[in-house]
>>> print(open('target16.pdb').read())   # PDB, C-alpha atoms
ATOM      1  CA  MET A  29      18.877  81.298  77.908
ATOM      2  CA  GLU A  30      16.136  81.969  75.339
ATOM      3  CA  LEU A  31      15.092  85.495  74.512
ATOM      4  CA  SER A  32      11.434  86.298  75.245
ATOM      5  CA  TRP A  33       9.158  87.833  72.629
ATOM      6  CA  GLU A  34       9.047  90.979  74.726
ATOM      7  CA  MET A  35      12.824  91.362  74.566
ATOM      8  CA  VAL A  36      12.893  90.697  70.821
ATOM      9  CA  LEU A  37      10.117  93.247  70.275
ATOM     10  CA  CYS A  38      11.971  95.801  72.402
ATOM     11  CA  VAL A  39      15.171  95.376  70.396
ATOM     12  CA  GLY A  40      13.218  95.593  67.106
ATOM     13  CA  ILE A  41      11.502  98.809  68.144
ATOM     14  CA  ALA A  42      14.824 100.271  69.324
ATOM     15  CA  VAL A  43      16.492  99.541  65.989
ATOM     16  CA  LEU A  44      13.539 100.971  64.049
ATOM     17  CA  VAL A  45      13.470 104.161  66.091
ATOM     18  CA  HIS A  46      17.236 104.534  65.723
ATOM     19  CA  VAL A  47      16.972 104.249  61.939
ATOM     20  CA  LEU A  48      14.154 106.802  61.824
ATOM     21  CA  VAL A  49      16.097 109.223  63.996
ATOM     22  CA  TYR A  50      19.096 108.875  61.724
ATOM     23  CA  LEU A  51      17.125 109.362  58.537
ATOM     24  CA  PHE A  52      15.041 112.333  59.590
ATOM     25  CA  VAL A  53      17.064 114.094  62.263
ATOM     26  CA  MET A  54      20.721 113.133  62.248
ATOM     27  CA  ALA A  55      21.546 113.256  58.536
ATOM     28  CA  LYS A  56      24.459 115.587  57.839
ATOM     29  CA  LYS A  57      25.817 116.968  54.614
ATOM     30  CA  PRO A  58      29.049 115.082  53.851
ATOM     31  CA  ARG A  59      32.348 116.852  53.344
ATOM     32  CA  SER A  60      33.974 116.744  49.932
ATOM     33  CA  ILE A  61      37.391 115.182  49.363
ATOM     34  CA  VAL A  62      37.618 116.073  45.663
ATOM     35  CA  GLY A  63      41.197 117.195  45.042
ATOM     36  CA  ARG A  64      42.066 116.629  48.711
ATOM     37  CA  HIS A  65      44.979 114.508  49.917
ATOM     38  CA  VAL A  66      43.876 111.306  51.654
ATOM     39  CA  VAL A  67      46.339 108.912  53.318
ATOM     40  CA  VAL A  68      45.253 105.323  53.990
ATOM     41  CA  THR A  69      47.449 103.108  56.155
ATOM     42  CA  GLY A  70      47.047  99.387  55.593
ATOM     43  CA  GLY A  71      45.914 100.390  52.123
ATOM     44  CA  SER A  72      47.312  97.442  50.184
ATOM     45  CA  LYS A  73      44.564  94.906  50.990
ATOM     46  CA  GLY A  74      41.332  94.280  52.828
ATOM     47  CA  ILE A  75      39.257  97.148  54.192
ATOM     48  CA  GLY A  76      42.175  99.565  53.719
ATOM     49  CA  LEU A  77      42.406  98.863  49.996
ATOM     50  CA  CYS A  78      38.644  99.217  49.607
ATOM     51  CA  LEU A  79      38.768 102.545  51.467
ATOM     52  CA  ALA A  80      41.533 103.778  49.166
ATOM     53  CA  VAL A  81      39.440 102.805  46.139
ATOM     54  CA  GLU A  82      36.360 104.555  47.585
ATOM     55  CA  CYS A  83      38.381 107.730  48.165
ATOM     56  CA  ALA A  84      39.756 107.569  44.625
ATOM     57  CA  MET A  85      36.227 107.217  43.252
ATOM     58  CA  LYS A  86      35.275 110.376  45.143
ATOM     59  CA  GLY A  87      38.049 112.306  43.403
ATOM     60  CA  ALA A  88      40.683 112.399  46.134
ATOM     61  CA  ASN A  89      44.445 112.277  45.666
ATOM     62  CA  VAL A  90      45.348 109.101  47.531
ATOM     63  CA  THR A  91      48.497 107.844  49.233
ATOM     64  CA  VAL A  92      48.479 104.230  50.429
ATOM     65  CA  ILE A  93      50.923 103.028  53.074
ATOM     66  CA  ALA A  94      51.792  99.432  53.979
ATOM     67  CA  ARG A  95      54.856  97.174  53.879
ATOM     68  CA  ASP A  96      54.428  94.954  50.820
ATOM     69  CA  GLU A  97      55.595  96.999  47.813
ATOM     70  CA  LYS A  98      54.168  94.566  45.279
ATOM     71  CA  MET A  99      50.681  94.810  46.787
ATOM     72  CA  LEU A 100      51.017  98.578  47.179
ATOM     73  CA  SER A 101      51.920  98.880  43.513
ATOM     74  CA  GLY A 102      48.838  96.841  42.668
ATOM     75  CA  ALA A 103      46.666  99.140  44.786
ATOM     76  CA  VAL A 104      47.927 102.201  42.913
ATOM     77  CA  ALA A 105      47.372 100.461  39.559
ATOM     78  CA  LEU A 106      43.779  99.701  40.582
ATOM     79  CA  MET A 107      43.138 103.333  41.480
ATOM     80  CA  GLU A 108      44.616 104.455  38.174
ATOM     81  CA  VAL A 109      41.969 102.383  36.396
ATOM     82  CA  ILE A 110      39.130 104.196  38.188
ATOM     83  CA  ARG A 111      40.660 107.678  37.915
ATOM     84  CA  GLN A 112      37.927 110.344  38.194
ATOM     85  CA  ARG A 113      39.904 113.455  37.201
ATOM     86  CA  PRO A 114      42.755 114.024  34.700
ATOM     87  CA  ASP A 115      44.875 115.659  37.412
ATOM     88  CA  GLN A 116      44.100 113.057  40.086
ATOM     89  CA  LYS A 117      47.229 111.608  41.735
ATOM     90  CA  PHE A 118      48.045 108.337  43.459
ATOM     91  CA  GLN A 119      51.190 107.130  45.209
ATOM     92  CA  TYR A 120      52.377 104.570  47.738
ATOM     93  CA  ARG A 121      55.020 104.279  50.434
ATOM     94  CA  SER A 122      56.405 101.127  52.038
ATOM     95  CA  LEU A 123      56.781 101.973  55.726
ATOM     96  CA  ASP A 124      56.709 100.378  59.173
ATOM     97  CA  ILE A 125      54.341 102.889  60.757
ATOM     98  CA  GLY A 126      54.596 101.180  64.144
ATOM     99  CA  GLY A 127      58.335 101.793  64.351
ATOM    100  CA  ASP A 128      60.352 104.922  65.082
ATOM    101  CA  TYR A 129      58.168 108.052  65.171
ATOM    102  CA  ASP A 130      60.815 110.312  63.671
ATOM    103  CA  GLN A 131      61.108 108.043  60.629
ATOM    104  CA  VAL A 132      57.323 107.943  60.217
ATOM    105  CA  ALA A 133      57.159 111.756  60.471
ATOM    106  CA  LYS A 134      59.953 112.098  57.917
ATOM    107  CA  VAL A 135      58.151 109.915  55.354
ATOM    108  CA  LEU A 136      54.802 111.607  55.938
ATOM    109  CA  GLY A 137      56.521 114.956  55.389
ATOM    110  CA  GLU A 138      57.891 113.709  52.061
ATOM    111  CA  ILE A 139      54.403 112.504  51.122
ATOM    112  CA  GLU A 140      53.013 115.983  51.808
ATOM    113  CA  ASP A 141      55.794 117.552  49.737
ATOM    114  CA  ASN A 142      54.510 115.522  46.773
ATOM    115  CA  PHE A 143      50.734 115.737  47.201
ATOM    116  CA  GLY A 144      50.126 118.615  49.588
ATOM    117  CA  PRO A 145      48.797 118.680  53.175
ATOM    118  CA  ILE A 146      47.032 115.585  54.435
ATOM    119  CA  TYR A 147      43.331 116.433  54.710
ATOM    120  CA  THR A 148      42.115 112.956  55.676
ATOM    121  CA  LEU A 149      44.049 110.258  57.533
ATOM    122  CA  ILE A 150      42.445 106.815  57.513
ATOM    123  CA  ASN A 151      44.223 104.548  59.988
ATOM    124  CA  CYS A 152      43.420 101.033  58.800
ATOM    125  CA  ALA A 153      46.639  99.088  59.413
ATOM    126  CA  GLY A 154      46.099  96.282  61.871
ATOM    127  CA  MET A 155      46.444  92.611  62.659
ATOM    128  CA  ALA A 156      45.032  89.979  65.010
ATOM    129  CA  ILE A 157      46.732  87.212  66.949
ATOM    130  CA  CYS A 158      44.317  85.156  69.033
ATOM    131  CA  GLY A 159      44.775  82.714  71.881
ATOM    132  CA  VAL A 160      44.123  82.209  75.570
ATOM    133  CA  PHE A 161      45.760  85.138  77.382
ATOM    134  CA  GLU A 162      48.774  83.343  78.883
ATOM    135  CA  GLU A 163      49.419  81.374  75.702
ATOM    136  CA  VAL A 164      50.010  84.412  73.465
ATOM    137  CA  SER A 165      53.758  85.049  73.456
ATOM    138  CA  VAL A 166      55.157  88.294  74.840
ATOM    139  CA  GLN A 167      56.757  88.903  71.447
ATOM    140  CA  ASP A 168      53.367  88.636  69.733
ATOM    141  CA  VAL A 169      51.778  91.025  72.235
ATOM    142  CA  HIS A 170      54.460  93.626  71.480
ATOM    143  CA  LYS A 171      53.885  93.049  67.771
ATOM    144  CA  LEU A 172      50.146  93.618  68.191
ATOM    145  CA  MET A 173      50.713  96.820  70.117
ATOM    146  CA  ASN A 174      53.234  98.148  67.596
ATOM    147  CA  VAL A 175      51.037  97.506  64.563
ATOM    148  CA  ASN A 176      47.585  98.239  66.000
ATOM    149  CA  PHE A 177      48.282 101.030  68.479
ATOM    150  CA  PHE A 178      51.603 102.690  67.710
ATOM    151  CA  GLY A 179      51.008 102.563  63.951
ATOM    152  CA  THR A 180      47.858 104.619  64.464
ATOM    153  CA  TYR A 181      49.441 106.782  67.163
ATOM    154  CA  ASN A 182      52.482 107.737  65.073
ATOM    155  CA  CYS A 183      50.503 108.799  61.998
ATOM    156  CA  THR A 184      47.843 110.596  64.010
ATOM    157  CA  ARG A 185      50.465 112.351  66.132
ATOM    158  CA  TYR A 186      51.994 113.775  62.956
ATOM    159  CA  VAL A 187      48.822 115.052  61.251
ATOM    160  CA  LEU A 188      46.824 116.247  64.262
ATOM    161  CA  PRO A 189      48.664 119.522  65.031
ATOM    162  CA  LYS A 190      48.709 120.382  61.324
ATOM    163  CA  MET A 191      44.967 119.784  61.021
ATOM    164  CA  LYS A 192      44.273 121.850  64.136
ATOM    165  CA  LYS A 193      46.327 124.707  62.739
ATOM    166  CA  ALA A 194      44.463 124.501  59.411
ATOM    167  CA  GLY A 195      41.116 124.346  61.233
ATOM    168  CA  ASP A 196      39.991 121.385  59.147
ATOM    169  CA  GLY A 197      40.635 117.683  58.709
ATOM    170  CA  ILE A 198      39.303 114.162  59.139
ATOM    171  CA  ILE A 199      40.864 111.320  61.120
ATOM    172  CA  VAL A 200      39.570 107.749  61.016
ATOM    173  CA  ILE A 201      40.739 105.286  63.653
ATOM    174  CA  THR A 202      39.850 101.681  62.885
ATOM    175  CA  ALA A 203      39.326  99.619  66.012
ATOM    176  CA  SER A 204      36.990  96.618  66.197
ATOM    177  CA  GLN A 205      33.893  95.306  67.906
ATOM    178  CA  ALA A 206      36.488  93.828  70.287
ATOM    179  CA  ALA A 207      36.947  97.400  71.557
ATOM    180  CA  MET A 208      33.471  97.197  73.074
ATOM    181  CA  PHE A 209      33.913  94.156  75.313
ATOM    182  CA  GLY A 210      36.475  91.454  75.967
ATOM    183  CA  ILE A 211      35.912  88.067  74.350
ATOM    184  CA  TYR A 212      37.485  84.695  75.093
ATOM    185  CA  GLY A 213      40.668  84.297  73.043
ATOM    186  CA  TYR A 214      40.986  87.987  72.128
ATOM    187  CA  GLY A 215      42.808  89.241  75.262
ATOM    188  CA  PRO A 216      45.910  91.106  73.973
ATOM    189  CA  TYR A 217      44.189  91.949  70.675
ATOM    190  CA  SER A 218      41.207  93.458  72.486
ATOM    191  CA  ALA A 219      43.588  95.466  74.676
ATOM    192  CA  THR A 220      45.092  97.158  71.602
ATOM    193  CA  LYS A 221      41.627  97.943  70.246
ATOM    194  CA  TYR A 222      40.441  99.328  73.585
ATOM    195  CA  ALA A 223      43.494 101.585  73.478
ATOM    196  CA  LEU A 224      42.472 102.856  70.036
ATOM    197  CA  ARG A 225      38.959 103.518  71.272
ATOM    198  CA  ALA A 226      40.275 105.586  74.187
ATOM    199  CA  MET A 227      42.630 107.476  71.885
ATOM    200  CA  ALA A 228      39.794 108.271  69.463
ATOM    201  CA  GLU A 229      37.549 109.540  72.269
ATOM    202  CA  THR A 230      40.323 111.742  73.632
ATOM    203  CA  ILE A 231      41.316 113.195  70.273
ATOM    204  CA  ALA A 232      37.680 113.861  69.366
ATOM    205  CA  MET A 233      37.192 115.846  72.570
ATOM    206  CA  GLU A 234      40.423 117.794  72.089
ATOM    207  CA  SER A 235      39.947 118.517  68.394
ATOM    208  CA  ARG A 236      36.259 119.268  67.877
ATOM    209  CA  GLU A 237      36.661 123.016  68.504
ATOM    210  CA  HIS A 238      39.542 123.100  66.019
ATOM    211  CA  GLY A 239      37.447 121.823  63.114
ATOM    212  CA  VAL A 240      38.920 118.312  63.100
ATOM    213  CA  SER A 241      36.453 115.407  63.087
ATOM    214  CA  VAL A 242      37.321 111.950  64.388
ATOM    215  CA  THR A 243      35.541 108.729  63.419
ATOM    216  CA  LEU A 244      35.977 105.506  65.360
ATOM    217  CA  ALA A 245      35.317 102.596  62.980
ATOM    218  CA  MET A 246      34.407  99.317  64.665
ATOM    219  CA  PRO A 247      34.184  96.613  62.003
ATOM    220  CA  CYS A 248      32.702  93.225  62.776
ATOM    221  CA  ASP A 249      34.167  90.083  61.174
ATOM    222  CA  THR A 250      35.038  91.016  57.595
ATOM    223  CA  ASN A 251      36.002  88.791  54.682
ATOM    224  CA  THR A 252      39.636  89.905  54.320
ATOM    225  CA  PRO A 253      43.095  88.267  54.166
ATOM    226  CA  GLY A 254      43.624  89.502  57.722
ATOM    227  CA  PHE A 255      40.551  87.611  58.912
ATOM    228  CA  GLU A 256      41.784  84.439  57.204
ATOM    229  CA  GLU A 257      45.060  84.783  59.094
ATOM    230  CA  GLU A 258      43.214  85.489  62.356
ATOM    231  CA  GLU A 259      41.228  82.265  62.005
ATOM    232  CA  LYS A 260      44.459  80.243  62.203
ATOM    233  CA  SER A 261      45.087  81.228  65.824
ATOM    234  CA  LYS A 262      41.497  81.408  67.123
ATOM    235  CA  PRO A 263      40.571  78.990  69.923
ATOM    236  CA  ARG A 264      37.514  76.851  69.274
ATOM    237  CA  GLU A 265      35.494  78.807  71.835
ATOM    238  CA  THR A 266      36.274  82.088  70.080
ATOM    239  CA  LYS A 267      35.172  80.744  66.707
ATOM    240  CA  ILE A 268      31.821  79.648  68.137
ATOM    241  CA  ILE A 269      31.200  82.901  70.033
ATOM    242  CA  SER A 270      32.168  85.209  67.174
ATOM    243  CA  GLY A 271      30.874  83.054  64.335
ATOM    244  CA  GLY A 272      27.178  83.788  64.702
ATOM    245  CA  GLY A 273      27.315  87.179  63.039
ATOM    246  CA  GLY A 274      28.591  85.996  59.664
ATOM    247  CA  LEU A 275      31.047  87.883  57.462
ATOM    248  CA  ILE A 276      30.724  91.349  55.956
ATOM    249  CA  GLU A 277      32.393  92.050  52.615
ATOM    250  CA  PRO A 278      35.202  94.655  52.849
ATOM    251  CA  GLU A 279      33.633  96.825  50.147
ATOM    252  CA  VAL A 280      30.476  97.199  52.252
ATOM    253  CA  MET A 281      32.481  98.050  55.357
ATOM    254  CA  ALA A 282      34.636 100.579  53.498
ATOM    255  CA  LYS A 283      31.637 102.400  52.032
ATOM    256  CA  ALA A 284      30.057 102.709  55.474
ATOM    257  CA  ILE A 285      33.249 103.924  57.162
ATOM    258  CA  LEU A 286      33.940 106.593  54.539
ATOM    259  CA  LYS A 287      30.320 107.744  54.509
ATOM    260  CA  ASP A 288      30.294 108.142  58.297
ATOM    261  CA  ALA A 289      33.679 109.879  58.306
ATOM    262  CA  LEU A 290      32.649 112.408  55.662
ATOM    263  CA  LYS A 291      29.475 113.143  57.648
ATOM    264  CA  GLY A 292      31.500 113.699  60.810
ATOM    265  CA  LYS A 293      29.979 110.822  62.772
ATOM    266  CA  PHE A 294      32.077 109.607  65.694
ATOM    267  CA  THR A 295      31.057 105.947  65.490
ATOM    268  CA  SER A 296      30.883 103.773  62.384
ATOM    269  CA  THR A 297      29.357 100.288  62.446
ATOM    270  CA  VAL A 298      27.590  97.976  60.013
ATOM    271  CA  GLY A 299      24.648  95.754  60.909
ATOM    272  CA  ALA A 300      22.160  95.444  63.760
ATOM    273  CA  GLU A 301      24.421  93.196  65.844
ATOM    274  CA  SER A 302      27.292  95.700  65.725
ATOM    275  CA  TRP A 303      24.904  98.543  66.548
ATOM    276  CA  LEU A 304      23.610  96.572  69.552
ATOM    277  CA  ILE A 305      27.072  95.766  70.895
ATOM    278  CA  THR A 306      28.306  99.325  70.351
ATOM    279  CA  THR A 307      25.239 100.749  72.093
ATOM    280  CA  LEU A 308      25.630  98.415  75.066
ATOM    281  CA  GLY A 309      29.397  98.794  75.366
ATOM    282  CA  GLY A 310      29.676 102.487  74.494
ATOM    283  CA  ALA A 311      27.325 104.357  76.819
ATOM    284  CA  LEU A 312      29.954 107.063  77.357
ATOM    285  CA  LEU A 313      30.919 107.403  73.697
ATOM    286  CA  PRO A 314      30.234 110.896  72.298
ATOM    287  CA  TRP A 315      27.030 109.966  70.474
ATOM    288  CA  ASP A 316      25.904 112.672  68.073
ATOM    289  CA  GLY A 317      22.685 114.582  68.721
ATOM    290  CA  PHE A 318      20.096 114.958  71.461
ATOM    291  CA  PHE A 319      17.620 112.507  69.908
ATOM    292  CA  THR A 320      20.163 109.706  69.623
ATOM    293  CA  ASN A 321      21.081 110.160  73.277
ATOM    294  CA  LEU A 322      17.396 110.287  74.234
ATOM    295  CA  LEU A 323      16.862 107.007  72.374
ATOM    296  CA  HIS A 324      19.727 105.403  74.272
ATOM    297  CA  ALA A 325      18.336 106.643  77.574
ATOM    298  CA  ILE A 326      15.053 104.859  76.767
ATOM    299  CA  VAL A 327      16.401 101.555  75.447
ATOM    300  CA  LEU A 328      19.601 100.936  77.442
ATOM    301  CA  GLY A 329      17.723  99.565  80.455
ATOM    302  CA  PRO A 330      15.854  96.865  78.527
ATOM    303  CA  LEU A 331      18.907  96.156  76.373
ATOM    304  CA  ARG A 332      20.873  95.367  79.536
ATOM    305  CA  LEU A 333      18.842  92.145  79.682
ATOM    306  CA  VAL A 334      20.105  91.291  76.194
ATOM    307  CA  SER A 335      23.645  91.825  77.476
ATOM    308  CA  TYR A 336      22.946  89.413  80.338
ATOM    309  CA  ALA A 337      21.643  86.814  77.893
ATOM    310  CA  LEU A 338      24.715  87.198  75.656
ATOM    311  CA  HIS A 339      27.100  86.614  78.558
ATOM    312  CA  LYS A 340      25.097  83.574  79.682
ATOM    313  CA  TYR A 341      25.421  82.174  76.151
ATOM    314  CA  PHE A 342      29.167  82.908  75.947
ATOM    315  CA  ASN A 343      29.792  81.207  79.293
ATOM    316  CA  SER A 344      27.739  78.183  78.253
ATOM    317  CA  VAL A 345      29.899  77.810  75.124
ATOM    318  CA  ILE A 346      33.084  77.964  77.221
ATOM    319  CA  ARG A 347      31.779  75.390  79.728
ATOM    320  CA  LYS A 348      30.701  73.031  76.943
ATOM    321  CA  CYS A 349      34.105  73.208  75.247
ATOM    322  CA  ALA A 350      35.827  72.627  78.601
ATOM    323  CA  ARG A 351      33.744  69.490  79.221
ATOM    324  CA  GLU A 352      34.502  68.189  75.731
ATOM    325  CA  ASP A 353      38.241  68.826  76.194
ATOM    326  CA  LYS A 354      38.235  66.968  79.539
ATOM    327  CA  ALA A 355      36.355  64.041  78.024
ATOM    328  CA  LYS A 356      38.783  63.906  75.096
ATOM    329  CA  ALA A 357      41.795  64.008  77.431
ATOM    330  CA  ALA A 358      40.340  61.228  79.598
ATOM    331  CA  SER A 359      39.659  59.113  76.515
ATOM    332  CA  GLU A 360      43.232  59.545  75.312
ATOM    333  CA  VAL A 361      44.583  58.473  78.724
ATOM    334  CA  GLU A 362      42.417  55.343  78.748
ATOM    335  CA  SER A 363      43.515  54.369  75.229
ATOM    336  CA  LYS A 364      47.212  54.371  76.178
TER     337      LYS A 364
END
>>> encode(input="target16.pdb", output="structure tokens")
Amino acid sequence: MELSWEMVLCVGIAVLVHVLVYLFVMAKKPRSIVGRHVVVTGGSKGIGLCLAVECAMKGANVTVIARDEKMLSGAVALMEVIRQRPDQKFQYRSLDIGGDYDQVAKVLGEIEDNFGPIYTLINCAGMAICGVFEEVSVQDVHKLMNVNFFGTYNCTRYVLPKMKKAGDGIIVITASQAAMFGIYGYGPYSATKYALRAMAETIAMESREHGVSVTLAMPCDTNTPGFEEEEKSKPRETKIISGGGGLIEPEVMAKAILKDALKGKFTSTVGAESWLITTLGGALLPWDGFFTNLLHAIVLGPLRLVSYALHKYFNSVIRKCAREDKAKAASEVESK
């Protein structure tokens, strides 16, 4: 289904108005993390590493958590090179954050003994295993849930009451554009990201009056080692559907996430396509400000037609791949 000029014009105007609203109405003064303790999970590579570097460049004392000690050591060495203050501190911990909560709490307590209370928690540990729903093993589904959901839950569960008591703090929960709508081949993975989205919405509602801000980061496809691994298990249909948006560099994504978190924004996305999907799939998200909500009230009706067109395109891709698979199977039978 081809998009009409009227629909394209409507989307263009909506994006322009949204940008203007952000620039002139919604801009907030960012919080400072100079001398503050920031913990980044998944901080040894990809977006997590770039976020740790960004925090270090802003003068924070940074703790990175992951499993691979060699890569963690490299992350700390990189931050040492860009040290902003003589008394700035960096450390790492090798930890399975998706495992036993008591063990996670114990290690986080030791981290605070060294560097002080955690002011900002950036949950960035995650993984993707793709495949048609019934073909993803039960073991892999449990692995996805442990890393993506329970890893974030355990760390957030530890810091949240402390931040509420202090009346200040920042929590970043990294989900995905797959938290906005289900896509062919992303079934169990999307389920873990939907869970993170729901957790972020709940915590934001419970914590706002206590001075704790929550940011839900929803990266699109990003050029990271994790994405390279994800590509190995993606069905052909998934690659076609998700491949149109291109790849964002992790440094760009990290800058945007940290900027939005420090400004107290609930949602963090990069690019027009991500904004469109988040707007369509997140009507009940706690969007900041009257003018942003007014904008959504005006454009969501017309944008629903874009949603219809997207689903028609996705289904056409799936049907085409199914026909090709049937033809290939028939050809193989005839050749025997």
>>> closest_atom_pairs(input="target16.pdb", of="stretch 224-269 of chain A", to="stretch 63-76 of chain A", cutoff="8 Å", atoms="only C-alpha atoms", output="CSV")
residue,atom,partner,partner_atom,distance
A:Asn251,CA,A:Gly74,CA,7.9
A:Thr252,CA,A:Gly74,CA,4.9
A:Pro253,CA,A:Gly74,CA,6.4
A:Gly254,CA,A:Gly74,CA,7.2
>>> closest_residue(input="target16.pdb", among="A:Phe118, A:Tyr181, A:Tyr147, A:Tyr186", to="A:Ala80", atoms="all atoms listed in the file")
A:Phe118
>>> atom_distance(input="target16.pdb", atom1="atom CA of A:Glu257", atom2="atom CA of A:Tyr129")
27.4 Å
>>> closest_atom_pairs(input="target16.pdb", of="stretch 122-179 of chain A", to="stretch 214-217 of chain A", cutoff="12 Å", atoms="all atoms listed in the file", output="JSON lines")
{"residue": "A:Gly154", "atom": "CA", "partner": "A:Tyr217", "partner_atom": "CA", "distance": 10.0}
{"residue": "A:Met155", "atom": "CA", "partner": "A:Tyr217", "partner_atom": "CA", "distance": 8.4}
{"residue": "A:Ala156", "atom": "CA", "partner": "A:Tyr217", "partner_atom": "CA", "distance": 6.1}
{"residue": "A:Ile157", "atom": "CA", "partner": "A:Tyr217", "partner_atom": "CA", "distance": 6.5}
{"residue": "A:Cys158", "atom": "CA", "partner": "A:Tyr214", "partner_atom": "CA", "distance": 5.4}
{"residue": "A:Gly159", "atom": "CA", "partner": "A:Tyr214", "partner_atom": "CA", "distance": 6.5}
{"residue": "A:Val160", "atom": "CA", "partner": "A:Gly215", "partner_atom": "CA", "distance": 7.2}
{"residue": "A:Phe161", "atom": "CA", "partner": "A:Gly215", "partner_atom": "CA", "distance": 5.5}
{"residue": "A:Glu162", "atom": "CA", "partner": "A:Gly215", "partner_atom": "CA", "distance": 9.1}
{"residue": "A:Glu163", "atom": "CA", "partner": "A:Gly215", "partner_atom": "CA", "distance": 10.3}
{"residue": "A:Val164", "atom": "CA", "partner": "A:Pro216", "partner_atom": "CA", "distance": 7.9}
{"residue": "A:Ser165", "atom": "CA", "partner": "A:Pro216", "partner_atom": "CA", "distance": 9.9}
{"residue": "A:Val166", "atom": "CA", "partner": "A:Pro216", "partner_atom": "CA", "distance": 9.7}
{"residue": "A:Gln167", "atom": "CA", "partner": "A:Pro216", "partner_atom": "CA", "distance": 11.4}
{"residue": "A:Asp168", "atom": "CA", "partner": "A:Pro216", "partner_atom": "CA", "distance": 8.9}
{"residue": "A:Val169", "atom": "CA", "partner": "A:Pro216", "partner_atom": "CA", "distance": 6.1}
{"residue": "A:His170", "atom": "CA", "partner": "A:Pro216", "partner_atom": "CA", "distance": 9.3}
{"residue": "A:Lys171", "atom": "CA", "partner": "A:Tyr217", "partner_atom": "CA", "distance": 10.2}
{"residue": "A:Leu172", "atom": "CA", "partner": "A:Tyr217", "partner_atom": "CA", "distance": 6.7}
{"residue": "A:Met173", "atom": "CA", "partner": "A:Tyr217", "partner_atom": "CA", "distance": 8.2}
{"residue": "A:Asn174", "atom": "CA", "partner": "A:Tyr217", "partner_atom": "CA", "distance": 11.4}
{"residue": "A:Val175", "atom": "CA", "partner": "A:Tyr217", "partner_atom": "CA", "distance": 10.7}
{"residue": "A:Asn176", "atom": "CA", "partner": "A:Tyr217", "partner_atom": "CA", "distance": 8.5}
{"residue": "A:Phe177", "atom": "CA", "partner": "A:Tyr217", "partner_atom": "CA", "distance": 10.2}
>>> closest_residue(input="target16.pdb", among="A:Pro314, A:Lys134, A:Leu149, A:Leu308", to="A:Ser335", atoms="all atoms listed in the file")
A:Leu308
>>> residues_around(input="target16.pdb", residues="A:Gly239", least_positions_apart="5", cutoff="8 Å", atoms="only C-alpha atoms", output="PyMOL selection string")
chain A and resi 192+195-197
>>> write_last_selection(input="target16.pdb", atoms="C-alpha atoms", output="PDB file, in the frame of the given file")
ATOM      1  CA  LYS A 192      44.273 121.850  64.136  1.00  0.00           C
ATOM      2  CA  GLY A 195      41.116 124.346  61.233  1.00  0.00           C
ATOM      3  CA  ASP A 196      39.991 121.385  59.147  1.00  0.00           C
ATOM      4  CA  GLY A 197      40.635 117.683  58.709  1.00  0.00           C
TER       5      GLY A 197
END
>>> residues_near_point(input="target16.pdb", point="(17.8, 98.7, 76.3)", cutoff="10 Å", atoms="all atoms listed in the file", output="PyMOL selection string")
chain A and resi 35+38-39+42+304+307-308+323-335
>>> atom_distance(input="target16.pdb", atom1="atom CA of A:Leu79", atom2="atom CA of A:Leu286")
7.0 Å
>>> residues_around(input="target16.pdb", residues="A:Val132", least_positions_apart="3", cutoff="12 Å", atoms="all atoms listed in the file", output="list of chain:residue names")
A:Thr69, A:Ile93, A:Ala94, A:Arg121, A:Ser122, A:Leu123, A:Asp124, A:Ile125, A:Gly126, A:Gly127, A:Asp128, A:Tyr129, A:Val135, A:Leu136, A:Gly137, A:Glu138, A:Ile139, A:Phe178, A:Gly179, A:Thr180, A:Tyr181, A:Asn182, A:Cys183, A:Thr184, A:Arg185, A:Tyr186, A:Val187
>>> write_last_selection(input="target16.pdb", atoms="C-alpha atoms", output="PDB file, keeping the file's coordinate frame")
ATOM      1  CA  THR A  69      47.449 103.108  56.155  1.00  0.00           C
ATOM      2  CA  ILE A  93      50.923 103.028  53.074  1.00  0.00           C
ATOM      3  CA  ALA A  94      51.792  99.432  53.979  1.00  0.00           C
ATOM      4  CA  ARG A 121      55.020 104.279  50.434  1.00  0.00           C
ATOM      5  CA  SER A 122      56.405 101.127  52.038  1.00  0.00           C
ATOM      6  CA  LEU A 123      56.781 101.973  55.726  1.00  0.00           C
ATOM      7  CA  ASP A 124      56.709 100.378  59.173  1.00  0.00           C
ATOM      8  CA  ILE A 125      54.341 102.889  60.757  1.00  0.00           C
ATOM      9  CA  GLY A 126      54.596 101.180  64.144  1.00  0.00           C
ATOM     10  CA  GLY A 127      58.335 101.793  64.351  1.00  0.00           C
ATOM     11  CA  ASP A 128      60.352 104.922  65.082  1.00  0.00           C
ATOM     12  CA  TYR A 129      58.168 108.052  65.171  1.00  0.00           C
ATOM     13  CA  VAL A 135      58.151 109.915  55.354  1.00  0.00           C
ATOM     14  CA  LEU A 136      54.802 111.607  55.938  1.00  0.00           C
ATOM     15  CA  GLY A 137      56.521 114.956  55.389  1.00  0.00           C
ATOM     16  CA  GLU A 138      57.891 113.709  52.061  1.00  0.00           C
ATOM     17  CA  ILE A 139      54.403 112.504  51.122  1.00  0.00           C
ATOM     18  CA  PHE A 178      51.603 102.690  67.710  1.00  0.00           C
ATOM     19  CA  GLY A 179      51.008 102.563  63.951  1.00  0.00           C
ATOM     20  CA  THR A 180      47.858 104.619  64.464  1.00  0.00           C
ATOM     21  CA  TYR A 181      49.441 106.782  67.163  1.00  0.00           C
ATOM     22  CA  ASN A 182      52.482 107.737  65.073  1.00  0.00           C
ATOM     23  CA  CYS A 183      50.503 108.799  61.998  1.00  0.00           C
ATOM     24  CA  THR A 184      47.843 110.596  64.010  1.00  0.00           C
ATOM     25  CA  ARG A 185      50.465 112.351  66.132  1.00  0.00           C
ATOM     26  CA  TYR A 186      51.994 113.775  62.956  1.00  0.00           C
ATOM     27  CA  VAL A 187      48.822 115.052  61.251  1.00  0.00           C
TER      28      VAL A 187
END
